[in-house]
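Source file data_5.cif; content: mmCIF, N, CA and C atoms.
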data_final
loop_
_atom_site.label_atom_id
_atom_site.label_comp_id
_atom_site.auth_asym_id
_atom_site.auth_seq_id
_atom_site.Cartn_x
_atom_site.Cartn_y
_atom_site.Cartn_z
N GLN K 1490 -11.21 -12.86 4.17
CA GLN K 1490 -11.60 -12.16 2.95
C GLN K 1490 -11.00 -10.77 2.93
N VAL K 1491 -10.50 -10.36 1.77
CA VAL K 1491 -9.97 -9.02 1.55
C VAL K 1491 -10.67 -8.43 0.33
N GLN K 1492 -11.10 -7.20 0.45
CA GLN K 1492 -11.70 -6.49 -0.68
C GLN K 1492 -10.70 -5.46 -1.20
N LEU K 1493 -10.58 -5.38 -2.51
CA LEU K 1493 -9.62 -4.49 -3.15
C LEU K 1493 -10.34 -3.58 -4.14
N ILE K 1494 -10.03 -2.30 -4.05
CA ILE K 1494 -10.65 -1.34 -4.97
C ILE K 1494 -9.56 -0.47 -5.58
N GLU K 1495 -9.44 -0.52 -6.90
CA GLU K 1495 -8.46 0.28 -7.61
C GLU K 1495 -9.07 1.62 -8.01
N SER K 1496 -8.20 2.62 -8.15
CA SER K 1496 -8.61 3.93 -8.64
C SER K 1496 -7.41 4.63 -9.27
N GLY K 1497 -7.69 5.70 -10.00
CA GLY K 1497 -6.62 6.52 -10.56
C GLY K 1497 -6.37 6.35 -12.04
N GLY K 1498 -7.08 5.44 -12.68
CA GLY K 1498 -6.88 5.26 -14.11
C GLY K 1498 -7.44 6.43 -14.91
N GLY K 1499 -7.15 6.42 -16.21
CA GLY K 1499 -7.66 7.47 -17.07
C GLY K 1499 -7.04 7.43 -18.44
N LEU K 1500 -7.37 8.44 -19.23
CA LEU K 1500 -6.82 8.60 -20.57
C LEU K 1500 -5.70 9.64 -20.52
N VAL K 1501 -4.50 9.25 -20.90
CA VAL K 1501 -3.36 10.16 -20.85
C VAL K 1501 -2.56 10.06 -22.14
N GLN K 1502 -1.76 11.09 -22.38
CA GLN K 1502 -0.88 11.09 -23.55
C GLN K 1502 0.44 10.37 -23.23
N PRO K 1503 1.11 9.87 -24.22
CA PRO K 1503 2.42 9.25 -23.98
C PRO K 1503 3.37 10.22 -23.30
N GLY K 1504 4.16 9.68 -22.38
CA GLY K 1504 5.13 10.48 -21.66
C GLY K 1504 4.63 11.06 -20.35
N VAL K 1505 3.32 11.00 -20.15
CA VAL K 1505 2.72 11.57 -18.95
C VAL K 1505 2.79 10.56 -17.80
N SER K 1506 2.63 11.07 -16.58
CA SER K 1506 2.63 10.22 -15.39
C SER K 1506 1.21 10.01 -14.88
N LEU K 1507 1.04 8.90 -14.17
CA LEU K 1507 -0.25 8.57 -13.57
C LEU K 1507 0.02 7.75 -12.32
N ARG K 1508 -0.80 7.92 -11.30
CA ARG K 1508 -0.64 7.13 -10.08
C ARG K 1508 -1.92 6.36 -9.80
N LEU K 1509 -1.78 5.06 -9.70
CA LEU K 1509 -2.90 4.20 -9.34
C LEU K 1509 -2.87 3.91 -7.85
N SER K 1510 -4.05 3.73 -7.28
CA SER K 1510 -4.17 3.36 -5.88
C SER K 1510 -4.99 2.08 -5.77
N CYS K 1511 -4.71 1.32 -4.73
CA CYS K 1511 -5.49 0.11 -4.43
C CYS K 1511 -5.79 0.13 -2.94
N ALA K 1512 -7.05 0.35 -2.61
CA ALA K 1512 -7.47 0.38 -1.22
C ALA K 1512 -7.94 -1.01 -0.80
N ALA K 1513 -7.39 -1.50 0.32
CA ALA K 1513 -7.74 -2.83 0.81
C ALA K 1513 -8.56 -2.73 2.08
N SER K 1514 -9.51 -3.61 2.23
CA SER K 1514 -10.32 -3.66 3.44
C SER K 1514 -10.65 -5.11 3.74
N GLY K 1515 -11.10 -5.34 4.96
CA GLY K 1515 -11.47 -6.70 5.34
C GLY K 1515 -10.52 -7.27 6.36
N ARG K 1516 -10.26 -8.55 6.26
CA ARG K 1516 -9.49 -9.28 7.26
C ARG K 1516 -7.99 -9.03 7.11
N THR K 1517 -7.40 -8.30 8.05
CA THR K 1517 -5.95 -8.02 8.13
C THR K 1517 -5.31 -7.80 6.77
N PRO K 1518 -5.69 -6.76 6.04
CA PRO K 1518 -5.15 -6.55 4.70
C PRO K 1518 -3.65 -6.37 4.65
N ASN K 1519 -3.03 -5.93 5.74
CA ASN K 1519 -1.59 -5.74 5.73
C ASN K 1519 -0.81 -7.03 5.85
N ALA K 1520 -1.48 -8.16 5.98
CA ALA K 1520 -0.80 -9.45 6.08
C ALA K 1520 -0.56 -10.08 4.71
N TYR K 1521 -0.77 -9.33 3.65
CA TYR K 1521 -0.72 -9.88 2.31
C TYR K 1521 0.40 -9.29 1.48
N THR K 1522 1.03 -10.13 0.69
CA THR K 1522 1.84 -9.66 -0.43
C THR K 1522 0.90 -9.09 -1.48
N MET K 1523 1.30 -7.98 -2.09
CA MET K 1523 0.42 -7.31 -3.05
C MET K 1523 1.08 -7.24 -4.42
N GLY K 1524 0.24 -7.13 -5.43
CA GLY K 1524 0.78 -7.05 -6.79
C GLY K 1524 -0.11 -6.24 -7.70
N TRP K 1525 0.49 -5.76 -8.78
CA TRP K 1525 -0.24 -5.10 -9.87
C TRP K 1525 -0.09 -5.95 -11.13
N PHE K 1526 -1.19 -6.11 -11.82
CA PHE K 1526 -1.20 -6.81 -13.10
C PHE K 1526 -1.95 -5.93 -14.10
N ARG K 1527 -1.72 -6.16 -15.37
CA ARG K 1527 -2.49 -5.43 -16.38
C ARG K 1527 -2.90 -6.39 -17.49
N GLN K 1528 -4.01 -6.02 -18.11
CA GLN K 1528 -4.53 -6.84 -19.20
C GLN K 1528 -4.86 -5.94 -20.37
N ALA K 1529 -4.09 -6.08 -21.44
CA ALA K 1529 -4.33 -5.32 -22.66
C ALA K 1529 -5.43 -6.00 -23.47
N PRO K 1530 -6.10 -5.26 -24.33
CA PRO K 1530 -7.17 -5.85 -25.14
C PRO K 1530 -6.69 -7.07 -25.92
N GLY K 1531 -7.40 -8.17 -25.77
CA GLY K 1531 -7.07 -9.38 -26.51
C GLY K 1531 -5.89 -10.16 -25.98
N LYS K 1532 -5.35 -9.75 -24.84
CA LYS K 1532 -4.18 -10.44 -24.30
C LYS K 1532 -4.46 -10.96 -22.90
N GLU K 1533 -3.58 -11.83 -22.43
CA GLU K 1533 -3.72 -12.35 -21.08
C GLU K 1533 -3.27 -11.32 -20.05
N ARG K 1534 -3.77 -11.49 -18.85
CA ARG K 1534 -3.36 -10.63 -17.75
C ARG K 1534 -1.90 -10.93 -17.42
N GLU K 1535 -1.09 -9.86 -17.32
CA GLU K 1535 0.35 -10.04 -17.11
C GLU K 1535 0.83 -9.30 -15.87
N PHE K 1536 1.89 -9.81 -15.31
CA PHE K 1536 2.50 -9.23 -14.13
C PHE K 1536 3.14 -7.89 -14.43
N VAL K 1537 2.98 -6.94 -13.49
CA VAL K 1537 3.62 -5.63 -13.62
C VAL K 1537 4.60 -5.41 -12.47
N ALA K 1538 4.12 -5.56 -11.23
CA ALA K 1538 4.97 -5.29 -10.08
C ALA K 1538 4.40 -5.98 -8.85
N THR K 1539 5.28 -6.25 -7.88
CA THR K 1539 4.85 -6.86 -6.63
C THR K 1539 5.63 -6.29 -5.47
N ILE K 1540 5.00 -6.27 -4.30
CA ILE K 1540 5.64 -5.73 -3.11
C ILE K 1540 5.31 -6.62 -1.92
N SER K 1541 6.32 -6.88 -1.09
CA SER K 1541 6.12 -7.72 0.08
C SER K 1541 5.29 -6.99 1.12
N ARG K 1542 4.82 -7.71 2.10
CA ARG K 1542 3.92 -7.09 3.07
C ARG K 1542 4.63 -6.07 3.94
N ASN K 1543 5.96 -6.15 4.09
CA ASN K 1543 6.66 -5.11 4.85
C ASN K 1543 7.23 -4.03 3.92
N GLY K 1544 7.00 -4.15 2.63
CA GLY K 1544 7.41 -3.13 1.67
C GLY K 1544 8.88 -3.16 1.29
N ARG K 1545 9.65 -4.10 1.81
CA ARG K 1545 11.09 -4.08 1.60
C ARG K 1545 11.55 -4.92 0.41
N SER K 1546 10.70 -5.76 -0.08
CA SER K 1546 11.04 -6.57 -1.25
C SER K 1546 10.11 -6.20 -2.39
N ILE K 1547 10.70 -5.83 -3.52
CA ILE K 1547 9.93 -5.34 -4.67
C ILE K 1547 10.50 -5.94 -5.95
N ARG K 1548 9.61 -6.27 -6.86
CA ARG K 1548 10.05 -6.75 -8.18
C ARG K 1548 9.16 -6.15 -9.25
N TYR K 1549 9.75 -5.96 -10.44
CA TYR K 1549 9.03 -5.40 -11.58
C TYR K 1549 9.22 -6.28 -12.81
N THR K 1550 8.28 -6.19 -13.72
CA THR K 1550 8.54 -6.76 -15.02
C THR K 1550 9.52 -5.86 -15.75
N ASP K 1551 10.32 -6.44 -16.65
CA ASP K 1551 11.41 -5.70 -17.28
C ASP K 1551 10.94 -4.44 -18.01
N SER K 1552 9.78 -4.49 -18.60
CA SER K 1552 9.33 -3.38 -19.45
C SER K 1552 8.98 -2.12 -18.67
N VAL K 1553 8.80 -2.21 -17.35
CA VAL K 1553 8.46 -1.04 -16.56
C VAL K 1553 9.56 -0.65 -15.59
N GLU K 1554 10.60 -1.47 -15.48
CA GLU K 1554 11.71 -1.19 -14.57
C GLU K 1554 12.29 0.19 -14.85
N GLY K 1555 12.42 1.01 -13.81
CA GLY K 1555 12.96 2.35 -13.95
C GLY K 1555 11.92 3.42 -14.25
N ARG K 1556 10.71 3.01 -14.65
CA ARG K 1556 9.64 3.98 -14.93
C ARG K 1556 8.49 3.89 -13.93
N PHE K 1557 8.21 2.71 -13.44
CA PHE K 1557 7.12 2.51 -12.49
C PHE K 1557 7.69 2.28 -11.10
N THR K 1558 6.93 2.72 -10.09
CA THR K 1558 7.31 2.50 -8.71
C THR K 1558 6.10 1.99 -7.93
N ILE K 1559 6.27 0.83 -7.33
CA ILE K 1559 5.22 0.27 -6.48
C ILE K 1559 5.54 0.61 -5.03
N SER K 1560 4.52 0.91 -4.25
CA SER K 1560 4.73 1.21 -2.84
C SER K 1560 3.45 0.87 -2.09
N ARG K 1561 3.54 0.87 -0.77
CA ARG K 1561 2.37 0.61 0.05
C ARG K 1561 2.46 1.41 1.33
N ASP K 1562 1.31 1.79 1.84
CA ASP K 1562 1.19 2.48 3.11
C ASP K 1562 0.31 1.61 3.98
N ASN K 1563 0.92 0.82 4.83
CA ASN K 1563 0.14 -0.13 5.63
C ASN K 1563 -0.76 0.57 6.64
N ALA K 1564 -0.40 1.76 7.05
CA ALA K 1564 -1.25 2.50 7.99
C ALA K 1564 -2.56 2.90 7.32
N LYS K 1565 -2.53 3.05 5.99
CA LYS K 1565 -3.73 3.43 5.25
C LYS K 1565 -4.33 2.25 4.49
N ASN K 1566 -3.72 1.07 4.63
CA ASN K 1566 -4.20 -0.12 3.89
C ASN K 1566 -4.30 0.16 2.40
N THR K 1567 -3.30 0.82 1.86
CA THR K 1567 -3.34 1.23 0.46
C THR K 1567 -2.01 0.94 -0.22
N MET K 1568 -2.11 0.47 -1.47
CA MET K 1568 -0.95 0.24 -2.30
C MET K 1568 -1.01 1.20 -3.49
N TYR K 1569 0.15 1.57 -4.01
CA TYR K 1569 0.20 2.52 -5.11
C TYR K 1569 1.06 1.99 -6.25
N LEU K 1570 0.79 2.53 -7.42
CA LEU K 1570 1.67 2.29 -8.56
C LEU K 1570 1.87 3.63 -9.25
N GLN K 1571 3.06 4.19 -9.08
CA GLN K 1571 3.40 5.43 -9.77
C GLN K 1571 3.96 5.07 -11.13
N MET K 1572 3.32 5.56 -12.16
CA MET K 1572 3.71 5.22 -13.53
C MET K 1572 4.20 6.48 -14.23
N ASN K 1573 5.45 6.52 -14.56
CA ASN K 1573 6.05 7.65 -15.26
C ASN K 1573 6.39 7.27 -16.70
N SER K 1574 6.51 8.29 -17.54
CA SER K 1574 6.88 8.07 -18.94
C SER K 1574 6.04 6.98 -19.57
N LEU K 1575 4.73 7.13 -19.44
CA LEU K 1575 3.84 6.11 -19.95
C LEU K 1575 3.94 5.97 -21.47
N LYS K 1576 3.81 4.74 -21.92
CA LYS K 1576 3.88 4.41 -23.35
C LYS K 1576 2.55 3.82 -23.81
N PRO K 1577 2.25 3.88 -25.09
CA PRO K 1577 0.98 3.31 -25.58
C PRO K 1577 0.81 1.83 -25.23
N GLU K 1578 1.90 1.09 -25.15
CA GLU K 1578 1.80 -0.33 -24.79
C GLU K 1578 1.45 -0.54 -23.33
N GLY K 1579 1.39 0.52 -22.57
CA GLY K 1579 0.94 0.44 -21.19
C GLY K 1579 -0.58 0.48 -21.06
N THR K 1580 -1.26 0.59 -22.17
CA THR K 1580 -2.73 0.62 -22.16
C THR K 1580 -3.29 -0.72 -21.72
N GLY K 1581 -4.30 -0.65 -20.87
CA GLY K 1581 -4.97 -1.88 -20.42
C GLY K 1581 -5.72 -1.64 -19.13
N VAL K 1582 -6.33 -2.70 -18.64
CA VAL K 1582 -6.98 -2.64 -17.34
C VAL K 1582 -5.95 -3.09 -16.31
N TYR K 1583 -5.78 -2.27 -15.30
CA TYR K 1583 -4.82 -2.56 -14.24
C TYR K 1583 -5.55 -3.11 -13.03
N TYR K 1584 -5.07 -4.26 -12.57
CA TYR K 1584 -5.69 -4.94 -11.43
C TYR K 1584 -4.70 -5.00 -10.27
N CYS K 1585 -5.21 -4.81 -9.06
CA CYS K 1585 -4.39 -5.10 -7.90
C CYS K 1585 -4.82 -6.45 -7.34
N ALA K 1586 -3.87 -7.09 -6.67
CA ALA K 1586 -4.12 -8.44 -6.16
C ALA K 1586 -3.42 -8.62 -4.83
N ALA K 1587 -3.95 -9.53 -4.02
CA ALA K 1587 -3.39 -9.81 -2.71
C ALA K 1587 -3.19 -11.30 -2.53
N ALA K 1588 -2.04 -11.64 -1.93
CA ALA K 1588 -1.71 -13.05 -1.69
C ALA K 1588 -1.42 -13.25 -0.21
N ALA K 1589 -2.09 -14.21 0.39
CA ALA K 1589 -1.85 -14.52 1.80
C ALA K 1589 -0.49 -15.19 1.95
N VAL K 1590 0.35 -14.65 2.84
CA VAL K 1590 1.70 -15.18 3.04
C VAL K 1590 2.02 -15.26 4.52
N LEU K 1591 3.03 -16.06 4.84
CA LEU K 1591 3.45 -16.22 6.23
C LEU K 1591 4.61 -15.30 6.60
N TYR K 1592 5.35 -14.82 5.60
CA TYR K 1592 6.56 -14.07 5.88
C TYR K 1592 6.54 -12.69 5.25
N ASP K 1593 7.32 -11.79 5.84
CA ASP K 1593 7.28 -10.39 5.45
C ASP K 1593 7.89 -10.09 4.09
N ILE K 1594 8.83 -10.90 3.60
CA ILE K 1594 9.63 -10.52 2.44
C ILE K 1594 9.23 -11.23 1.15
N ILE K 1595 8.16 -11.97 1.18
CA ILE K 1595 7.78 -12.75 0.00
C ILE K 1595 7.11 -11.89 -1.06
N THR K 1596 7.49 -12.12 -2.32
CA THR K 1596 6.83 -11.49 -3.45
C THR K 1596 6.52 -12.56 -4.50
N PHE K 1597 5.49 -12.32 -5.30
CA PHE K 1597 5.08 -13.28 -6.32
C PHE K 1597 4.90 -12.59 -7.66
N ARG K 1598 5.41 -13.19 -8.71
CA ARG K 1598 5.16 -12.73 -10.07
C ARG K 1598 4.00 -13.49 -10.72
N GLU K 1599 3.72 -14.67 -10.20
CA GLU K 1599 2.74 -15.55 -10.84
C GLU K 1599 1.32 -15.18 -10.44
N ARG K 1600 0.49 -15.06 -11.44
CA ARG K 1600 -0.91 -14.70 -11.21
C ARG K 1600 -1.60 -15.70 -10.31
N SER K 1601 -1.24 -16.97 -10.45
CA SER K 1601 -1.90 -18.04 -9.70
C SER K 1601 -1.64 -17.98 -8.21
N ARG K 1602 -0.65 -17.23 -7.80
CA ARG K 1602 -0.31 -17.13 -6.37
C ARG K 1602 -1.25 -16.20 -5.60
N TYR K 1603 -2.00 -15.40 -6.30
CA TYR K 1603 -2.81 -14.38 -5.65
C TYR K 1603 -4.22 -14.89 -5.34
N ASP K 1604 -4.69 -14.52 -4.16
CA ASP K 1604 -5.96 -15.04 -3.68
C ASP K 1604 -7.14 -14.09 -3.94
N TYR K 1605 -6.85 -12.80 -3.96
CA TYR K 1605 -7.93 -11.81 -4.10
C TYR K 1605 -7.55 -10.81 -5.19
N TRP K 1606 -8.57 -10.35 -5.89
CA TRP K 1606 -8.39 -9.42 -7.00
C TRP K 1606 -9.40 -8.28 -6.92
N GLY K 1607 -8.96 -7.10 -7.38
CA GLY K 1607 -9.89 -6.00 -7.52
C GLY K 1607 -10.60 -6.06 -8.87
N GLN K 1608 -11.46 -5.08 -9.12
CA GLN K 1608 -12.24 -5.05 -10.35
C GLN K 1608 -11.48 -4.41 -11.52
N GLY K 1609 -10.41 -3.71 -11.21
CA GLY K 1609 -9.59 -3.12 -12.26
C GLY K 1609 -9.90 -1.67 -12.53
N THR K 1610 -8.91 -0.96 -13.04
CA THR K 1610 -9.07 0.43 -13.46
C THR K 1610 -8.41 0.58 -14.84
N GLN K 1611 -9.12 1.25 -15.74
CA GLN K 1611 -8.65 1.37 -17.12
C GLN K 1611 -7.61 2.47 -17.25
N VAL K 1612 -6.51 2.14 -17.91
CA VAL K 1612 -5.49 3.12 -18.27
C VAL K 1612 -5.34 3.09 -19.79
N THR K 1613 -5.51 4.24 -20.40
CA THR K 1613 -5.35 4.35 -21.85
C THR K 1613 -4.30 5.39 -22.15
N VAL K 1614 -3.27 4.98 -22.87
CA VAL K 1614 -2.17 5.88 -23.23
C VAL K 1614 -2.22 6.09 -24.74
N SER K 1615 -2.63 7.28 -25.11
CA SER K 1615 -2.83 7.55 -26.53
C SER K 1615 -2.69 9.03 -26.82
N SER K 1616 -2.16 9.34 -27.98
CA SER K 1616 -2.06 10.74 -28.39
C SER K 1616 -3.27 11.15 -29.22
#

What's the structure tokens form of this structure?
Amino acid sequence: QVQLIESGGGLVQPGVSLRLSCAASGRTPNAYTMGWFRQAPGKEREFVATISRNGRSIRYTDSVEGRFTISRDNAKNTMYLQMNSLKPEGTGVYYCAAAAVLYDIITFRERSRYDYWGQGTQVTVSS
């Protein structure tokens, strides 16, 4: 079992930066591929970014490429999402997720691949 707690959300204006954190605890949290997903009002939860358990393999959805940066600090059992140049379409609840994997370089875009989820943190981008 892994417990995930997100933090760092808030109400910001377009163009501003925000950093989300996901603290993991429980059974060997560093053995998991991690991901960020977001869910806008009335829409399905969608993939944002993923990072392998050794941090060397990273993927983003096209709409955030070049503006968002996913990272992890395994010594602190924490994953981050640095979001720059935020846009109103970035509004939603951001969830972190963990997937049990056997290898260091695996990443997943598919929601179904993840075994554990946090409760989410709200990000609202509005002027």

Output as a Markdown table one row per residue of segment 1497-1553 of chain K within 5 Å of segment 1563-1575 of chain K: the closest atom pair and its distance in Å to one decimal place, counting all atoms listed in the file, sorted by chain and residue number ascending.
| residue | atom | partner | partner_atom | distance |
| --- | --- | --- | --- | --- |
| K:Pro1503 | CA | K:Leu1575 | C | 4.4 |
| K:Gly1504 | N | K:Leu1575 | C | 3.8 |
| K:Val1505 | N | K:Leu1575 | N | 4.2 |
| K:Ser1506 | CA | K:Met1572 | C | 4.2 |
| K:Leu1507 | C | K:Met1572 | N | 4.0 |
| K:Arg1508 | CA | K:Leu1570 | C | 4.4 |
| K:Leu1509 | C | K:Leu1570 | N | 3.9 |
| K:Ser1510 | CA | K:Met1568 | C | 4.5 |
| K:Cys1511 | N | K:Met1568 | C | 3.9 |
| K:Ala1512 | CA | K:Thr1567 | CA | 4.5 |
| K:Ala1513 | N | K:Asn1566 | C | 4.1 |

Run the PyMOL selection byres ((chain K and resi 1494) around 8) on the file and write out the hits as a PDB file with N, CA and C atoms, keeping the file's coordinate frame.
ATOM      1  N   VAL K1491     -10.500 -10.360   1.770  1.00  0.00           N
ATOM      2  CA  VAL K1491      -9.970  -9.020   1.550  1.00  0.00           C
ATOM      3  C   VAL K1491     -10.670  -8.430   0.330  1.00  0.00           C
ATOM      4  N   GLN K1492     -11.100  -7.200   0.450  1.00  0.00           N
ATOM      5  CA  GLN K1492     -11.700  -6.490  -0.680  1.00  0.00           C
ATOM      6  C   GLN K1492     -10.700  -5.460  -1.200  1.00  0.00           C
ATOM      7  N   LEU K1493     -10.580  -5.380  -2.510  1.00  0.00           N
ATOM      8  CA  LEU K1493      -9.620  -4.490  -3.150  1.00  0.00           C
ATOM      9  C   LEU K1493     -10.340  -3.580  -4.140  1.00  0.00           C
ATOM     10  N   GLU K1495      -9.440  -0.520  -6.900  1.00  0.00           N
ATOM     11  CA  GLU K1495      -8.460   0.280  -7.610  1.00  0.00           C
ATOM     12  C   GLU K1495      -9.070   1.620  -8.010  1.00  0.00           C
ATOM     13  N   SER K1496      -8.200   2.620  -8.150  1.00  0.00           N
ATOM     14  CA  SER K1496      -8.610   3.930  -8.640  1.00  0.00           C
ATOM     15  C   SER K1496      -7.410   4.630  -9.270  1.00  0.00           C
ATOM     16  N   GLY K1497      -7.690   5.700 -10.000  1.00  0.00           N
ATOM     17  CA  GLY K1497      -6.620   6.520 -10.560  1.00  0.00           C
ATOM     18  C   GLY K1497      -6.370   6.350 -12.040  1.00  0.00           C
ATOM     19  N   SER K1510      -4.050   3.730  -7.280  1.00  0.00           N
ATOM     20  CA  SER K1510      -4.170   3.360  -5.880  1.00  0.00           C
ATOM     21  C   SER K1510      -4.990   2.080  -5.770  1.00  0.00           C
ATOM     22  N   CYS K1511      -4.710   1.320  -4.730  1.00  0.00           N
ATOM     23  CA  CYS K1511      -5.490   0.110  -4.430  1.00  0.00           C
ATOM     24  C   CYS K1511      -5.790   0.130  -2.940  1.00  0.00           C
ATOM     25  N   ALA K1512      -7.050   0.350  -2.610  1.00  0.00           N
ATOM     26  CA  ALA K1512      -7.470   0.380  -1.220  1.00  0.00           C
ATOM     27  C   ALA K1512      -7.940  -1.010  -0.800  1.00  0.00           C
ATOM     28  N   ALA K1513      -7.390  -1.500   0.320  1.00  0.00           N
ATOM     29  CA  ALA K1513      -7.740  -2.830   0.810  1.00  0.00           C
ATOM     30  C   ALA K1513      -8.560  -2.730   2.080  1.00  0.00           C
ATOM     31  N   SER K1514      -9.510  -3.610   2.230  1.00  0.00           N
ATOM     32  CA  SER K1514     -10.320  -3.660   3.440  1.00  0.00           C
ATOM     33  C   SER K1514     -10.650  -5.110   3.740  1.00  0.00           C
ATOM     34  N   CYS K1585      -5.210  -4.810  -9.060  1.00  0.00           N
ATOM     35  CA  CYS K1585      -4.390  -5.100  -7.900  1.00  0.00           C
ATOM     36  C   CYS K1585      -4.820  -6.450  -7.340  1.00  0.00           C
ATOM     37  N   TRP K1606      -8.570 -10.350  -5.890  1.00  0.00           N
ATOM     38  CA  TRP K1606      -8.390  -9.420  -7.000  1.00  0.00           C
ATOM     39  C   TRP K1606      -9.400  -8.280  -6.920  1.00  0.00           C
ATOM     40  N   GLY K1607      -8.960  -7.100  -7.380  1.00  0.00           N
ATOM     41  CA  GLY K1607      -9.890  -6.000  -7.520  1.00  0.00           C
ATOM     42  C   GLY K1607     -10.600  -6.060  -8.870  1.00  0.00           C
ATOM     43  N   GLN K1608     -11.460  -5.080  -9.120  1.00  0.00           N
ATOM     44  CA  GLN K1608     -12.240  -5.050 -10.350  1.00  0.00           C
ATOM     45  C   GLN K1608     -11.480  -4.410 -11.520  1.00  0.00           C
ATOM     46  N   GLY K1609     -10.410  -3.710 -11.210  1.00  0.00           N
ATOM     47  CA  GLY K1609      -9.590  -3.120 -12.260  1.00  0.00           C
ATOM     48  C   GLY K1609      -9.900  -1.670 -12.530  1.00  0.00           C
ATOM     49  N   THR K1610      -8.910  -0.960 -13.040  1.00  0.00           N
ATOM     50  CA  THR K1610      -9.070   0.430 -13.460  1.00  0.00           C
ATOM     51  C   THR K1610      -8.410   0.580 -14.840  1.00  0.00           C
TER      52      THR K1610
END

Residue contacts of segment 1579-1582 of chain K (8 Å, all atoms listed in the file) excluding same-chain residues fewer than 6 positions away, as a list in words: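 Those residues are Phe1526, Arg1527, Gln1528, Ala1529, Pro1530, Gln1608, Gly1609, Thr1610, Gln1611, Val1612, Thr1613, Val1614 and Ser1615 of chain K.
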
Residues matched by the PyMOL selection byres ((chain K and resi 1531-1546) around 6), written as an MDAnalysis selection string: chainID K and resid 1519:1530 1547:1550 1593:1598

Residues matched by the PyMOL selection byres ((chain K and resi 1603) around 6) as a ChimeraX atom specification: /K:1586-1588,1599-1602,1604-1605

Atomic separation - atom N of Val1553 of chain K relative to atom C of Gly1499 of chain K, Å: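 So the two atoms, atom C of Gly1499 of chain K and atom N of Val1553 of chain K, lie 18.6 Å apart.
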
Set up a box along x, y and z of the file covering all listed atoms of segment 1539-1551 of chain K, add 5 Å on every one of the six sides, and write the centre and edge lengths in Å to one decimal, as AutoDock Vina command-line options.
--center_x 7.7 --center_y -5.4 --center_z -6.6 --size_x 17.6 --size_y 14.6 --size_z 32.9

As a PDB file, in the frame of the given file, the rebuilt segment 1498-1509 of chain K with N, CA, C and O atoms:
ATOM      1  N   GLY K1498      -7.080   5.440 -12.680  1.00  0.00           N
ATOM      2  CA  GLY K1498      -6.880   5.260 -14.110  1.00  0.00           C
ATOM      3  C   GLY K1498      -7.440   6.430 -14.910  1.00  0.00           C
ATOM      4  O   GLY K1498      -8.079   7.331 -14.368  1.00  0.00           O
ATOM      5  N   GLY K1499      -7.150   6.420 -16.210  1.00  0.00           N
ATOM      6  CA  GLY K1499      -7.660   7.470 -17.070  1.00  0.00           C
ATOM      7  C   GLY K1499      -7.040   7.430 -18.440  1.00  0.00           C
ATOM      8  O   GLY K1499      -6.293   6.500 -18.774  1.00  0.00           O
ATOM      9  N   LEU K1500      -7.370   8.440 -19.230  1.00  0.00           N
ATOM     10  CA  LEU K1500      -6.820   8.600 -20.570  1.00  0.00           C
ATOM     11  C   LEU K1500      -5.700   9.640 -20.520  1.00  0.00           C
ATOM     12  O   LEU K1500      -5.965  10.787 -20.110  1.00  0.00           O
ATOM     13  N   VAL K1501      -4.500   9.250 -20.900  1.00  0.00           N
ATOM     14  CA  VAL K1501      -3.360  10.160 -20.850  1.00  0.00           C
ATOM     15  C   VAL K1501      -2.560  10.060 -22.140  1.00  0.00           C
ATOM     16  O   VAL K1501      -2.650   9.068 -22.859  1.00  0.00           O
ATOM     17  N   GLN K1502      -1.760  11.090 -22.380  1.00  0.00           N
ATOM     18  CA  GLN K1502      -0.880  11.090 -23.550  1.00  0.00           C
ATOM     19  C   GLN K1502       0.440  10.370 -23.230  1.00  0.00           C
ATOM     20  O   GLN K1502       0.828  10.300 -22.060  1.00  0.00           O
ATOM     21  N   PRO K1503       1.110   9.870 -24.220  1.00  0.00           N
ATOM     22  CA  PRO K1503       2.420   9.250 -23.980  1.00  0.00           C
ATOM     23  C   PRO K1503       3.370  10.220 -23.300  1.00  0.00           C
ATOM     24  O   PRO K1503       3.377  11.426 -23.597  1.00  0.00           O
ATOM     25  N   GLY K1504       4.160   9.680 -22.380  1.00  0.00           N
ATOM     26  CA  GLY K1504       5.130  10.480 -21.660  1.00  0.00           C
ATOM     27  C   GLY K1504       4.630  11.060 -20.350  1.00  0.00           C
ATOM     28  O   GLY K1504       5.416  11.540 -19.533  1.00  0.00           O
ATOM     29  N   VAL K1505       3.320  11.000 -20.150  1.00  0.00           N
ATOM     30  CA  VAL K1505       2.720  11.570 -18.950  1.00  0.00           C
ATOM     31  C   VAL K1505       2.790  10.560 -17.800  1.00  0.00           C
ATOM     32  O   VAL K1505       2.992   9.368 -18.006  1.00  0.00           O
ATOM     33  N   SER K1506       2.630  11.070 -16.580  1.00  0.00           N
ATOM     34  CA  SER K1506       2.630  10.220 -15.390  1.00  0.00           C
ATOM     35  C   SER K1506       1.210  10.010 -14.880  1.00  0.00           C
ATOM     36  O   SER K1506       0.319  10.848 -15.099  1.00  0.00           O
ATOM     37  N   LEU K1507       1.040   8.900 -14.170  1.00  0.00           N
ATOM     38  CA  LEU K1507      -0.250   8.570 -13.570  1.00  0.00           C
ATOM     39  C   LEU K1507       0.020   7.750 -12.320  1.00  0.00           C
ATOM     40  O   LEU K1507       0.982   6.966 -12.285  1.00  0.00           O
ATOM     41  N   ARG K1508      -0.800   7.920 -11.300  1.00  0.00           N
ATOM     42  CA  ARG K1508      -0.640   7.130 -10.080  1.00  0.00           C
ATOM     43  C   ARG K1508      -1.920   6.360  -9.800  1.00  0.00           C
ATOM     44  O   ARG K1508      -2.993   6.963  -9.656  1.00  0.00           O
ATOM     45  N   LEU K1509      -1.780   5.060  -9.700  1.00  0.00           N
ATOM     46  CA  LEU K1509      -2.900   4.200  -9.340  1.00  0.00           C
ATOM     47  C   LEU K1509      -2.870   3.910  -7.850  1.00  0.00           C
ATOM     48  O   LEU K1509      -1.799   3.834  -7.250  1.00  0.00           O
TER      49      LEU K1509
END
